[in-house]
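A.B. asks: Supplied structure: final_4.txt, compact mmCIF, C-alpha atoms.
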```txt
# COMPACT_ATOMS: atom_id res chain seq x y z
CA MET A 1028 -5.55 23.84 7.85
CA LYS A 1029 -8.72 21.84 8.15
CA PRO A 1030 -9.96 19.15 5.79
CA ALA A 1031 -12.99 19.77 3.57
CA ALA A 1032 -16.15 17.90 4.56
CA PHE A 1033 -16.50 14.20 3.84
CA ASP A 1034 -18.70 11.28 4.82
CA TYR A 1035 -16.99 8.80 7.11
CA GLN A 1036 -17.38 5.06 7.26
CA ARG A 1037 -15.55 2.69 9.54
CA VAL A 1038 -15.13 -0.84 8.18
CA GLU A 1039 -13.92 -3.99 9.89
CA THR A 1040 -13.31 -6.36 6.99
CA ALA A 1041 -11.78 -6.30 3.52
CA ASP A 1042 -15.19 -7.25 2.07
CA GLU A 1043 -16.74 -4.14 3.62
CA ALA A 1044 -13.89 -1.98 2.34
CA ILE A 1045 -14.29 -3.39 -1.18
CA ALA A 1046 -18.07 -2.89 -1.10
CA ALA A 1047 -17.57 0.71 0.00
CA LEU A 1048 -15.02 1.34 -2.76
CA ALA A 1049 -17.40 -0.16 -5.31
CA GLU A 1050 -20.09 2.25 -4.11
CA CYS A 1051 -17.90 5.37 -4.17
CA GLY A 1052 -15.61 4.80 -7.12
CA GLU A 1053 -13.01 7.53 -7.43
CA ASP A 1054 -14.70 9.57 -4.70
CA GLY A 1055 -13.78 7.17 -1.93
CA ARG A 1056 -10.42 6.99 -0.19
CA ILE A 1057 -9.19 4.29 2.15
CA LEU A 1058 -8.00 5.77 5.45
CA ALA A 1059 -5.48 3.44 7.09
CA GLY A 1060 -2.92 5.11 9.37
CA GLY A 1061 -3.63 8.46 7.74
CA GLN A 1062 -0.05 9.66 8.15
CA SER A 1063 0.07 10.82 4.55
CA LEU A 1064 -3.63 11.07 3.74
CA MET A 1065 -4.61 13.24 6.71
CA ALA A 1066 -1.86 15.73 5.88
CA ILE A 1067 -3.08 15.79 2.27
CA LEU A 1068 -6.69 16.33 3.43
CA ASN A 1069 -5.64 19.05 5.90
CA MET A 1070 -3.86 20.87 3.08
CA ARG A 1071 -6.88 20.22 0.82
CA LEU A 1072 -4.73 18.64 -1.84
CA ALA A 1073 -7.48 16.02 -1.98
CA GLN A 1074 -11.18 16.30 -1.19
CA PRO A 1075 -12.67 12.81 -1.29
CA LYS A 1076 -16.43 12.48 -0.75
CA ARG A 1077 -16.05 9.53 1.60
CA LEU A 1078 -13.31 8.24 3.89
CA ILE A 1079 -13.37 4.49 4.42
CA ASP A 1080 -11.53 3.93 7.69
CA ILE A 1081 -9.86 0.53 8.08
CA SER A 1082 -7.56 1.60 10.94
CA ARG A 1083 -9.39 -0.16 13.75
CA SER A 1084 -9.81 -3.48 11.97
CA LYS A 1085 -8.07 -6.34 13.77
CA ALA A 1086 -8.85 -8.71 10.89
CA MET A 1087 -6.84 -6.56 8.47
CA ALA A 1088 -3.95 -5.85 10.87
CA THR A 1089 -2.40 -9.32 10.67
CA VAL A 1090 1.25 -10.09 9.89
CA ASP A 1091 1.84 -13.66 8.70
CA VAL A 1092 5.31 -15.11 8.23
CA ASN A 1093 6.39 -18.24 6.41
CA GLU A 1094 8.65 -18.02 3.35
CA SER A 1095 7.46 -14.47 3.05
CA MET A 1096 6.00 -11.86 5.37
CA ARG A 1097 2.48 -10.92 4.42
CA ILE A 1098 1.42 -7.65 6.00
CA GLY A 1099 -2.27 -6.78 6.18
CA ALA A 1100 -3.63 -3.40 5.09
CA ALA A 1101 -4.27 -2.13 8.62
CA ALA A 1102 -1.01 -3.32 10.22
CA THR A 1103 0.94 -0.35 11.53
CA GLN A 1104 4.61 0.15 10.77
CA ALA A 1105 5.25 -0.08 14.52
CA SER A 1106 3.58 -3.50 14.68
CA VAL A 1107 6.17 -4.77 12.20
CA GLU A 1108 9.12 -2.71 13.44
CA TRP A 1109 8.77 -3.91 17.04
CA ARG A 1110 8.64 -7.62 16.14
CA PRO A 1111 11.43 -9.16 18.19
CA ASP A 1112 12.76 -11.23 15.23
CA LEU A 1113 12.34 -8.71 12.42
CA ALA A 1114 16.11 -8.48 11.79
CA ARG A 1115 16.14 -12.22 11.04
CA GLU A 1116 12.78 -12.34 9.26
CA VAL A 1117 13.12 -9.41 6.84
CA PRO A 1118 16.50 -7.79 7.54
CA LEU A 1119 16.02 -5.03 4.98
CA LEU A 1120 12.87 -3.79 6.73
CA ALA A 1121 14.66 -3.76 10.08
CA LEU A 1122 17.39 -1.60 8.50
CA ALA A 1123 14.92 0.74 6.80
CA PHE A 1124 12.40 1.44 9.58
CA PRO A 1125 14.59 3.87 11.54
CA HIS A 1126 14.59 6.05 8.40
CA VAL A 1127 10.79 5.98 8.02
CA SER A 1128 9.63 9.30 9.41
CA HIS A 1129 9.46 9.26 13.22
CA PHE A 1130 8.47 6.98 16.10
CA GLN A 1131 5.19 8.88 16.55
CA ILE A 1132 4.29 8.50 12.86
CA ARG A 1133 5.25 4.82 12.63
CA ASN A 1134 2.92 4.20 15.59
CA ARG A 1135 0.01 5.00 13.29
CA GLY A 1136 1.26 4.78 9.72
CA THR A 1137 0.72 1.46 7.96
CA VAL A 1138 3.14 -0.47 5.77
CA VAL A 1139 0.55 -1.07 3.08
CA GLY A 1140 -0.64 2.54 3.22
CA SER A 1141 2.85 3.81 2.47
CA ILE A 1142 3.13 1.38 -0.45
CA ALA A 1143 -0.31 2.29 -1.82
CA HIS A 1144 0.52 6.00 -1.50
CA ALA A 1145 3.67 5.39 -3.58
CA ASP A 1146 5.69 8.44 -2.71
CA PRO A 1147 8.86 8.10 -4.81
CA ALA A 1148 11.03 9.02 -1.80
CA ALA A 1149 9.36 6.65 0.68
CA GLU A 1150 11.40 3.79 2.15
CA LEU A 1151 8.83 1.00 2.28
CA PRO A 1152 7.99 0.97 -1.46
CA LEU A 1153 11.75 0.91 -2.09
CA CYS A 1154 12.18 -2.12 0.19
CA LEU A 1155 9.30 -3.94 -1.47
CA LEU A 1156 10.91 -3.37 -4.87
CA ALA A 1157 14.43 -4.30 -3.72
CA LEU A 1158 13.14 -7.58 -2.26
CA GLU A 1159 10.97 -8.31 -5.33
CA GLY A 1160 7.85 -8.40 -3.18
CA SER A 1161 4.27 -8.00 -4.32
CA VAL A 1162 0.93 -6.49 -3.39
CA GLN A 1163 -2.40 -8.27 -3.26
CA LEU A 1164 -5.29 -6.37 -4.83
CA ARG A 1165 -8.93 -7.27 -4.67
CA ASN A 1166 -12.22 -5.91 -5.98
CA ALA A 1167 -15.70 -7.43 -5.95
CA LYS A 1168 -14.89 -9.66 -8.92
CA ARG A 1169 -11.28 -10.73 -8.68
CA ARG A 1170 -8.12 -10.96 -6.65
CA ARG A 1171 -4.73 -10.31 -8.23
CA ASP A 1172 -1.13 -10.34 -7.24
CA VAL A 1173 1.01 -7.53 -8.65
CA ARG A 1174 4.80 -7.56 -8.46
CA ALA A 1175 6.39 -4.43 -7.02
CA ASP A 1176 8.08 -3.91 -10.39
CA ASP A 1177 4.68 -3.50 -12.03
CA PHE A 1178 2.87 -1.80 -9.14
CA PHE A 1179 4.71 1.53 -8.99
CA THR A 1180 3.86 3.40 -12.17
CA GLY A 1181 4.95 6.96 -11.37
CA MET A 1182 4.70 9.84 -8.92
CA LEU A 1183 2.08 8.78 -6.32
CA SER A 1184 0.70 6.43 -8.97
CA THR A 1185 0.19 2.70 -8.91
CA ALA A 1186 -1.42 -0.08 -10.94
CA ARG A 1187 -4.35 -0.16 -8.52
CA GLY A 1188 -7.77 0.32 -10.11
CA HIS A 1189 -10.24 2.70 -8.43
CA ASP A 1190 -12.38 -0.18 -7.22
CA GLU A 1191 -9.42 -2.21 -5.99
CA PHE A 1192 -8.41 -2.55 -2.37
CA VAL A 1193 -4.77 -3.20 -1.47
CA GLU A 1194 -5.38 -6.11 0.86
CA SER A 1195 -1.77 -6.82 1.79
CA ALA A 1196 1.87 -6.52 0.81
CA THR A 1197 4.20 -9.51 0.74
CA PHE A 1198 7.91 -9.20 1.52
CA PRO A 1199 10.12 -12.25 0.87
CA THR A 1200 11.92 -13.28 4.07
CA ALA A 1201 15.71 -13.51 4.47
CA ARG A 1202 17.51 -15.85 2.07
CA PRO A 1203 20.69 -17.70 3.12
CA GLU A 1204 24.07 -16.24 2.15
CA THR A 1205 22.46 -12.98 1.16
CA GLY A 1206 23.52 -9.56 2.37
CA TYR A 1207 21.07 -6.69 2.87
CA ALA A 1208 21.85 -3.02 3.27
CA PHE A 1209 19.88 0.23 3.41
CA ASP A 1210 20.98 3.82 3.67
CA GLU A 1211 19.62 7.21 2.81
CA PHE A 1212 20.44 10.90 2.78
CA SER A 1213 17.81 13.34 3.98
CA MET A 1214 17.94 16.93 5.16
CA ARG A 1215 16.89 16.03 8.69
CA HIS A 1216 16.36 12.67 10.37
CA GLY A 1217 12.95 11.33 9.39
CA ASP A 1218 12.47 13.62 6.39
CA PHE A 1219 11.75 12.18 2.99
CA ALA A 1220 14.90 10.87 1.38
CA VAL A 1221 16.77 13.04 -1.09
CA CYS A 1222 18.26 9.72 -2.13
CA ALA A 1223 17.72 6.28 -0.59
CA VAL A 1224 19.46 3.06 -1.57
CA ALA A 1225 18.53 -0.55 -0.78
CA VAL A 1226 20.81 -3.40 -1.82
CA VAL A 1227 20.35 -7.17 -1.87
CA ALA A 1228 23.49 -9.17 -2.66
CA ASP A 1229 23.99 -12.91 -2.96
CA ALA A 1230 26.67 -15.03 -4.64
CA GLN A 1231 25.34 -14.44 -8.16
CA ARG A 1232 23.40 -11.23 -8.17
CA LEU A 1233 23.61 -7.69 -6.93
CA ARG A 1234 20.25 -5.90 -6.84
CA ILE A 1235 20.40 -2.16 -6.29
CA ALA A 1236 17.23 -0.11 -5.73
CA VAL A 1237 17.18 3.68 -5.59
CA GLY A 1238 14.42 5.91 -4.20
CA GLY A 1239 13.92 9.66 -4.09
CA VAL A 1240 15.51 10.38 -7.47
CA ALA A 1241 13.14 9.20 -10.21
CA ASP A 1242 9.34 9.50 -10.08
CA ARG A 1243 9.18 6.02 -8.55
CA PRO A 1244 11.60 3.59 -6.89
CA VAL A 1245 13.83 1.92 -9.50
CA ALA A 1246 15.81 -1.33 -9.22
CA ARG A 1247 18.58 -2.77 -11.38
CA ASP A 1248 20.24 -6.18 -11.31
CA TYR A 1249 23.98 -6.69 -11.80
CA ASP A 1250 26.40 -9.57 -11.73
CA ALA A 1251 27.72 -9.96 -8.18
CA ALA A 1252 31.23 -10.46 -9.58
CA LEU A 1253 31.32 -6.82 -10.75
CA ASN A 1254 34.74 -5.34 -9.96
CA ALA A 1255 35.21 -1.95 -8.30
CA SER A 1256 35.54 0.14 -11.43
CA ALA A 1257 32.72 -1.68 -13.19
CA LEU A 1258 30.55 -0.96 -10.13
CA ASP A 1259 31.42 2.73 -10.33
CA ASP A 1260 30.52 2.74 -14.03
CA ALA A 1261 27.28 0.89 -13.34
CA LEU A 1262 26.26 3.32 -10.59
CA ASN A 1263 27.15 6.30 -12.77
CA GLU A 1264 25.04 4.96 -15.61
CA PHE A 1265 22.21 4.16 -13.14
CA ALA A 1266 22.41 7.70 -11.71
CA TRP A 1267 22.10 9.33 -15.15
CA SER A 1268 19.24 7.03 -16.18
CA LEU A 1269 16.96 8.22 -13.36
CA GLY A 1270 16.16 11.63 -14.83
CA ALA A 1271 16.97 13.53 -11.61
CA ARG A 1272 15.54 17.05 -11.49
CA ASP A 1273 16.65 20.25 -9.83
CA GLU A 1274 14.49 20.87 -6.80
CA PRO A 1275 14.81 23.38 -3.94
CA GLN A 1276 16.20 20.83 -1.48
CA ALA A 1277 18.62 19.12 -3.86
CA SER A 1278 19.96 19.66 -7.36
CA ALA A 1279 20.01 16.94 -9.99
CA THR A 1280 23.81 16.93 -9.77
CA MET A 1281 23.68 16.32 -6.03
CA ARG A 1282 21.21 13.49 -6.47
CA ARG A 1283 23.36 11.80 -9.13
CA ARG A 1284 26.36 12.14 -6.87
CA LEU A 1285 24.39 10.56 -4.02
CA VAL A 1286 23.43 7.60 -6.20
CA ARG A 1287 27.13 7.06 -6.89
CA THR A 1288 28.53 7.57 -3.37
CA LEU A 1289 25.66 6.32 -1.21
CA GLY A 1290 25.12 3.55 -3.76
CA ARG A 1291 28.71 2.40 -3.54
CA ARG A 1292 28.77 2.50 0.25
CA THR A 1293 25.50 0.56 0.54
CA VAL A 1294 26.63 -2.04 -2.01
CA GLU A 1295 29.87 -2.59 -0.07
CA GLN A 1296 27.89 -3.02 3.12
CA ALA A 1297 25.55 -5.59 1.55
CA LEU A 1298 28.45 -7.54 0.02
CA SER A 1299 30.24 -7.67 3.37
CA ARG A 1300 27.11 -9.08 5.02
CA ARG A 1301 26.87 -12.14 2.73
CA SER A 1302 27.83 -14.60 5.42
CA PRO A 1303 27.87 -18.26 4.39
CA SER A 1304 25.44 -20.08 6.64
CA MET B 227 -20.81 0.01 9.35
CA THR B 228 -23.10 2.93 8.71
CA VAL B 229 -21.84 5.95 6.85
CA LEU B 230 -21.59 9.06 9.01
CA ASP B 231 -22.97 12.05 7.15
CA ARG B 232 -20.71 15.05 6.65
CA ASP B 233 -23.43 17.60 7.38
CA VAL B 234 -24.33 16.61 10.93
CA SER B 235 -22.52 16.13 14.22
CA HIS B 236 -22.03 12.64 15.61
CA PRO B 237 -21.93 11.58 19.26
CA ILE B 238 -18.49 10.59 20.54
CA THR B 239 -17.79 8.91 23.86
CA LEU B 240 -14.24 8.56 25.08
CA VAL B 241 -12.18 8.28 28.22
CA LEU B 242 -10.08 11.43 28.51
CA ASN B 243 -7.30 11.14 31.10
CA GLY B 244 -9.31 8.52 32.95
CA GLU B 245 -12.60 10.46 32.90
CA PRO B 246 -15.51 9.38 30.70
CA ARG B 247 -16.50 12.24 28.38
CA SER B 248 -19.16 12.64 25.70
CA ALA B 249 -19.59 15.29 23.06
CA SER B 250 -20.47 15.49 19.42
CA ALA B 251 -18.40 16.39 16.38
CA PRO B 252 -18.74 16.64 12.61
CA THR B 253 -16.73 14.04 10.67
CA ARG B 254 -14.09 16.52 9.53
CA LEU B 255 -13.23 17.81 13.00
CA LEU B 256 -9.63 16.99 13.94
CA LEU B 257 -8.96 15.41 17.32
CA SER B 258 -6.66 18.33 18.19
CA ASP B 259 -9.53 20.81 17.74
CA PHE B 260 -12.02 18.48 19.43
CA LEU B 261 -9.79 18.29 22.51
CA ARG B 262 -9.14 22.01 22.68
CA HIS B 263 -12.39 23.60 21.55
CA THR B 264 -15.05 21.03 22.33
CA LEU B 265 -13.68 19.37 25.47
CA GLY B 266 -11.68 22.37 26.72
CA ALA B 267 -8.46 20.38 27.14
CA THR B 268 -6.15 23.10 25.87
CA GLY B 269 -2.92 21.47 27.04
CA THR B 270 -2.60 19.86 23.62
CA HIS B 271 -0.92 22.42 21.38
CA VAL B 272 -1.44 22.81 17.64
CA GLY B 273 1.47 23.75 15.44
CA CYS B 274 1.74 22.65 11.84
CA GLU B 275 -1.43 20.56 11.40
CA HIS B 276 0.28 18.14 9.06
CA GLY B 277 2.15 15.88 11.43
CA VAL B 278 5.59 17.44 11.23
CA CYS B 279 6.04 19.50 14.40
CA GLY B 280 4.80 17.04 17.02
CA ALA B 281 3.22 19.66 19.30
CA CYS B 282 -0.19 17.93 19.24
CA THR B 283 1.10 14.45 20.12
CA VAL B 284 -1.31 12.64 22.46
CA ARG B 285 -1.71 9.00 23.48
CA ILE B 286 -4.61 7.00 22.09
CA ASP B 287 -5.02 3.70 23.90
CA GLY B 288 -1.56 4.40 25.26
CA VAL B 289 0.16 4.90 21.88
CA ALA B 290 1.76 8.27 21.09
CA GLN B 291 0.42 9.79 17.88
CA ARG B 292 -0.54 13.07 16.25
CA ALA B 293 -3.93 14.51 17.21
CA CYS B 294 -3.88 16.72 14.09
CA MET B 295 -3.83 13.64 11.85
CA THR B 296 -6.65 11.94 13.72
CA LEU B 297 -10.35 12.64 13.36
CA ALA B 298 -12.48 13.14 16.45
CA VAL B 299 -14.85 10.43 15.20
CA GLN B 300 -11.92 7.98 15.20
CA VAL B 301 -11.52 8.09 18.99
CA ASP B 302 -15.11 7.07 19.73
CA GLY B 303 -14.93 4.36 22.38
CA ARG B 304 -11.21 4.82 23.03
CA ALA B 305 -8.94 6.18 25.74
CA VAL B 306 -7.15 9.44 25.03
CA ASP B 307 -4.41 10.73 27.32
CA THR B 308 -3.07 14.27 27.10
CA VAL B 309 -0.59 16.33 29.06
CA GLU B 310 -3.35 17.16 31.56
CA GLY B 311 -3.26 13.55 32.70
CA LEU B 312 0.47 13.33 33.42
CA ALA B 313 0.46 14.83 36.91
CA ASN B 314 0.15 12.62 39.96
CA ALA B 315 -3.30 12.12 41.49
CA ASP B 316 -2.53 14.64 44.24
CA GLY B 317 -1.75 17.32 41.67
CA THR B 318 2.04 17.25 42.03
CA LEU B 319 4.12 16.93 38.88
CA GLY B 320 4.75 13.45 37.50
CA ASP B 321 8.38 12.29 37.27
CA LEU B 322 8.70 13.33 33.60
CA GLN B 323 7.24 16.76 34.24
CA ALA B 324 9.39 17.26 37.33
CA ALA B 325 12.53 16.30 35.41
CA PHE B 326 11.67 18.76 32.61
CA ARG B 327 11.26 21.50 35.20
CA ARG B 328 14.47 20.58 37.00
CA HIS B 329 16.50 20.64 33.78
CA HIS B 330 14.81 23.73 32.29
CA ALA B 331 13.80 21.50 29.39
CA GLN B 332 11.24 24.04 28.23
CA GLN B 333 11.51 27.71 27.41
CA CYS B 334 8.37 28.79 25.56
CA ALA B 335 6.99 25.28 26.28
CA PHE B 336 4.88 25.11 23.13
CA CYS B 337 6.44 21.76 22.18
CA THR B 338 6.50 20.35 25.73
CA PRO B 339 3.07 18.63 25.98
CA GLY B 340 3.74 16.65 22.80
CA ILE B 341 7.23 15.62 23.89
CA LEU B 342 5.95 14.52 27.30
CA ASN B 343 3.31 12.32 25.66
CA SER B 344 5.85 10.72 23.34
CA CYS B 345 8.12 10.04 26.31
CA ALA B 346 5.29 8.55 28.37
CA ASP B 347 4.66 5.93 25.66
CA TRP B 348 8.24 5.39 24.54
CA LEU B 349 9.82 5.02 27.99
CA ALA B 350 7.23 2.36 28.82
CA ARG B 351 8.57 0.33 25.88
CA VAL B 352 12.30 1.06 25.93
CA ASP B 353 13.96 0.26 29.27
CA ASP B 354 17.43 1.65 28.93
CA PRO B 355 17.74 3.93 25.93
CA SER B 356 21.01 5.48 24.81
CA GLU B 357 21.29 9.22 24.22
CA ALA B 358 21.28 8.53 20.48
CA GLU B 359 18.01 6.61 20.78
CA VAL B 360 16.45 9.42 22.83
CA ARG B 361 17.48 11.92 20.16
CA GLU B 362 16.04 9.73 17.42
CA MET B 363 12.70 9.55 19.27
CA LEU B 364 12.84 13.34 19.73
CA SER B 365 13.35 13.83 15.99
CA GLY B 366 9.56 13.66 15.80
CA HIS B 367 9.29 16.93 17.72
CA LEU B 368 10.38 20.42 16.78
CA CYS B 369 11.71 22.59 19.59
CA ARG B 370 12.97 26.00 18.48
CA CYS B 371 14.14 27.23 21.90
CA THR B 372 16.20 24.74 23.81
CA GLY B 373 18.48 23.12 21.25
CA TYR B 374 17.23 19.85 22.80
CA THR B 375 20.16 19.47 25.21
CA PRO B 376 18.16 19.98 28.43
CA ILE B 377 15.30 17.85 27.04
CA VAL B 378 17.67 14.95 26.43
CA ALA B 379 19.16 15.43 29.92
CA ALA B 380 15.72 15.43 31.55
CA ILE B 381 14.68 12.23 29.76
CA LEU B 382 17.91 10.41 30.62
CA ASP B 383 17.46 11.56 34.22
CA VAL B 384 13.99 9.95 34.31
CA VAL B 385 15.41 6.76 32.79
CA SER B 386 18.07 6.41 35.48
CA ALA B 387 15.68 7.40 38.28
CA ARG B 388 13.14 4.81 37.16
CA LYS B 389 15.90 2.18 36.94
CA SER B 390 17.11 2.82 40.48
CA THR B 391 13.53 2.68 41.80
CA GLU B 392 13.10 -0.67 40.08
CA VAL B 393 16.23 -2.02 41.78
CA THR B 394 14.98 -0.83 45.17
CA ASP B 395 11.60 -2.40 44.55
CA HIS B 396 13.11 -5.77 43.83
CA ALA B 397 15.60 -5.67 46.69
```
Starting from the coordinates I provided, produce the structure as structure tokens.
C.D. replies:
Amino acid sequence: MKPAAFDYQRVETADEAIAALAECGEDGRILAGGQSLMAILNMRLAQPKRLIDISRSKAMATVDVNESMRIGAAATQASVEWRPDLAREVPLLALAFPHVSHFQIRNRGTVVGSIAHADPAAELPLCLLALEGSVQLRNAKRRRDVRADDFFTGMLSTARGHDEFVESATFPTARPETGYAFDEFSMRHGDFAVCAVAVVADAQRLRIAVGGVADRPVARDYDAALNASALDDALNEFAWSLGARDEPQASATMRRRLVRTLGRRTVEQALSRRSPS
Amino acid sequence: MTVLDRDVSHPITLVLNGEPRSASAPTRLLLSDFLRHTLGATGTHVGCEHGVCGACTVRIDGVAQRACMTLAVQVDGRAVDTVEGLANADGTLGDLQAAFRRHHAQQCAFCTPGILNSCADWLARVDDPSEAEVREMLSGHLCRCTGYTPIVAAILDVVSARKSTEVTDHA
């Protein structure tokens, strides 16, 4: 499996990437870590005319932390995962990374690339949605901030325009007295999730996000005071609302059951982690 | 930067296992094919060509990654290390290779070069991994012969050998 021919351009800055996108329109694709795109090219599921490679840019590989963690387009998953304080900075990401493919893939794959690719079963878009993060888009004319809720629009589809470059993704950092939990079921370790659940729980609100079931990650907010049977009802209703389909690796019934059981387990974990600080 | 045209070959200079090498490649040539067919370094094996099997794992600037999901033009000016570079300078097997041999950690050995490259990077970062952590790192490699047991044993053997050498060095 070899990719079809393309022109190749290496860029160092976001301005260069944006100029290149403006030139190519729909025929240009940003190559970041390439851990999804290269597989797609090798299988010829896409045949872009030009690859715009941002992977060697130091300027775009930055990770800045204050009240949120802003991750640049070229920052690898490993560069975030191996941060010594990640579990305190963005606990949900620290919990999710071990589920993101494999060590060898995270060495190259980028956080922003996974979000821009928007696979409905991918962990990082799910985390961004659960944490109510955002992405920063830019073209030659304007810069805009899009909430995760509005960014994921369907299977491998986002609100990004063809001339827009996803400059960064912003994950809110840990809030006090908030519990975070992440779990998923996949056929083998590192495979795409059949069902993945991310939960953020504080004193008032329980936010449950589910990936791998609908055509995009989906989040719902509940009252944190929900009792056990109300939680079961809520998860059951959530499971049925996602339009699960029968697929070779998992039936719709199995996926709904996973939303209920994995959902419940992950919620309990998040609730138990709400330590008063 | 200039746009490299799809219809011509482009010069690429890299350091392969410590040796400077130059060759040319069209933009769409994968690093795995560049290593094997252009540079003649056939130790890197090619399995699935979409990043799943791990056979083609090499180190680029020291970091373990898939050669089949890398373009040859992307390694221009960089250091690439493959299984050919893992032996000691005198040609004897490196400690990882020797441990794999000792534990019979390969049968058909198709997956071995990739696993060795992953280990070379990973063990430099993780001092004292548990068996579970070793298995998680190995989840990025498919081995259809061994059932992984001897591979895990070989890696843990290297970990403890390197630890005891460290202690001796400091004593």
A.B. asks: Tell me, as a ChimeraX atom specification, which residues lie within 6 Å of region 1265-1282 of chain A, counting only C-alpha atoms; anything in the same chain fewer than 3 positions away does not count.
C.D. replies: /A:1240-1241,1262,1285-1286
A.B. asks: Starting from chain B, keep only residues with some atom at most 7 Å from an atom of chain A, counting only C-alpha atoms, and report them as a compact mmCIF listing (two decimals) with C-alpha atoms, in the frame of the given file.
C.D. replies:
```txt
# COMPACT_ATOMS: atom_id res chain seq x y z
CA MET B 227 -20.81 0.01 9.35
CA THR B 228 -23.10 2.93 8.71
CA VAL B 229 -21.84 5.95 6.85
CA LEU B 230 -21.59 9.06 9.01
CA ASP B 231 -22.97 12.05 7.15
CA ARG B 232 -20.71 15.05 6.65
CA THR B 253 -16.73 14.04 10.67
CA ARG B 254 -14.09 16.52 9.53
CA GLU B 275 -1.43 20.56 11.40
CA HIS B 276 0.28 18.14 9.06
CA GLY B 277 2.15 15.88 11.43
CA VAL B 289 0.16 4.90 21.88
CA ALA B 290 1.76 8.27 21.09
CA GLN B 291 0.42 9.79 17.88
CA MET B 295 -3.83 13.64 11.85
CA MET B 363 12.70 9.55 19.27
CA SER B 365 13.35 13.83 15.99
CA GLY B 366 9.56 13.66 15.80
```
A.B. asks: List as a list in words the protein and nucleic acid residues near Pro376 (chain B), meaning an atom at most 10 Å away when all atoms listed in the file are counted, but skip any in the same chain fewer than 5 places from it.
C.D. replies: Ala325, Phe326, Arg327, Arg328, His329, His330, Ala331, Gln332, Ile381 and Leu382 of chain B
A.B. asks: From the list A:Glu1204, A:Asp1210, A:Asp1190, A:Asp1054, which residue is nearest Arg1232 (chain A) when using all atoms listed in the file?
C.D. replies: A:Glu1204
A.B. asks: Compare B:Cys337, B:Asp353, B:Leu257, B:Cys345 by their minimum atom-to-atom distance to Val278 (chain B), counting all atoms listed in the file, and give me the closest one.
C.D. replies: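 Of B:Cys337, B:Asp353, B:Leu257, B:Cys345, the one nearest Val278 (chain B), counting all atoms listed in the file, is B:Cys337.
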A.B. asks: For CA of Leu1122 (chain A) and CA of Arg292 (chain B), determine how far apart the two atoms are, in Å to one decimal place.
C.D. replies: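 Interatomic distance here is 24.4 Å.
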A.B. asks: Would you place a box with edges along x, y and z of the file around all atoms of region 289-295 of chain B listed there, add 5 Å to each of its six sides, and report the centre and edge lengths in Å to one decimal, as lines of an AutoDock Vina configuration file?
C.D. replies:
```
center_x = -1.1
center_y = 10.8
center_z = 16.9
size_x = 15.7
size_y = 21.8
size_z = 20.0
```
A.B. asks: Any idea what's packed within 10 Å of Leu1155 (chain A), counting only C-alpha atoms, ignoring anything in its chain fewer than 5 positions away? Could you give it as an MDAnalysis selection string?
C.D. replies: chainID A and resid 1119:1120 1142 1150 1160:1162 1174:1176 1196:1199 1225 1236 1244
A.B. asks: Between CA of His1189 (chain A) and CA of Arg1247 (chain A), what is the distance in Å, rounded to a tenth?
C.D. replies: 29.5 Å
A.B. asks: Could you state the separation of CA of Thr308 (chain B) and CA of Leu342 (chain B) in Å, given to one decimal place?
C.D. replies: 9.0 Å
A.B. asks: Would you list the contacts of Ala281 (chain B) as number ranges by chain, taking every protein, DNA or RNA residue within 7 Å and counting all atoms listed in the file, but skipping same-chain residues closer than 4 positions in sequence?
C.D. replies: B: 271-273, 336-337, 339-340, 367
A.B. asks: Supply region 272-280 of chain B as a PDB file, in the coordinates of the input, with N, CA and C atoms built in where the input has gaps.
C.D. replies:
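Listed below is the output, result-v6.pdb:
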```pdb
ATOM      1  N   VAL B 272      -1.287  23.041  19.083  1.00  0.00           N
ATOM      2  CA  VAL B 272      -1.440  22.810  17.640  1.00  0.00           C
ATOM      3  C   VAL B 272      -0.427  23.672  16.909  1.00  0.00           C
ATOM      4  N   GLY B 273       0.452  23.008  16.166  1.00  0.00           N
ATOM      5  CA  GLY B 273       1.470  23.750  15.440  1.00  0.00           C
ATOM      6  C   GLY B 273       1.233  23.718  13.947  1.00  0.00           C
ATOM      7  N   CYS B 274       1.691  22.660  13.309  1.00  0.00           N
ATOM      8  CA  CYS B 274       1.740  22.650  11.840  1.00  0.00           C
ATOM      9  C   CYS B 274       0.483  22.076  11.193  1.00  0.00           C
ATOM     10  N   GLU B 275      -0.252  21.257  11.938  1.00  0.00           N
ATOM     11  CA  GLU B 275      -1.430  20.560  11.400  1.00  0.00           C
ATOM     12  C   GLU B 275      -1.141  19.705  10.171  1.00  0.00           C
ATOM     13  N   HIS B 276       0.078  19.236  10.028  1.00  0.00           N
ATOM     14  CA  HIS B 276       0.280  18.140   9.060  1.00  0.00           C
ATOM     15  C   HIS B 276       1.318  17.139   9.552  1.00  0.00           C
ATOM     16  N   GLY B 277       1.407  17.004  10.873  1.00  0.00           N
ATOM     17  CA  GLY B 277       2.150  15.880  11.430  1.00  0.00           C
ATOM     18  C   GLY B 277       3.638  16.082  11.589  1.00  0.00           C
ATOM     19  N   VAL B 278       4.138  17.254  11.243  1.00  0.00           N
ATOM     20  CA  VAL B 278       5.590  17.440  11.230  1.00  0.00           C
ATOM     21  C   VAL B 278       6.134  17.910  12.584  1.00  0.00           C
ATOM     22  N   CYS B 279       5.425  18.832  13.254  1.00  0.00           N
ATOM     23  CA  CYS B 279       6.040  19.500  14.400  1.00  0.00           C
ATOM     24  C   CYS B 279       5.930  18.721  15.698  1.00  0.00           C
ATOM     25  N   GLY B 280       4.909  17.892  15.835  1.00  0.00           N
ATOM     26  CA  GLY B 280       4.800  17.040  17.020  1.00  0.00           C
ATOM     27  C   GLY B 280       4.148  17.680  18.220  1.00  0.00           C
TER      28      GLY B 280
END
```
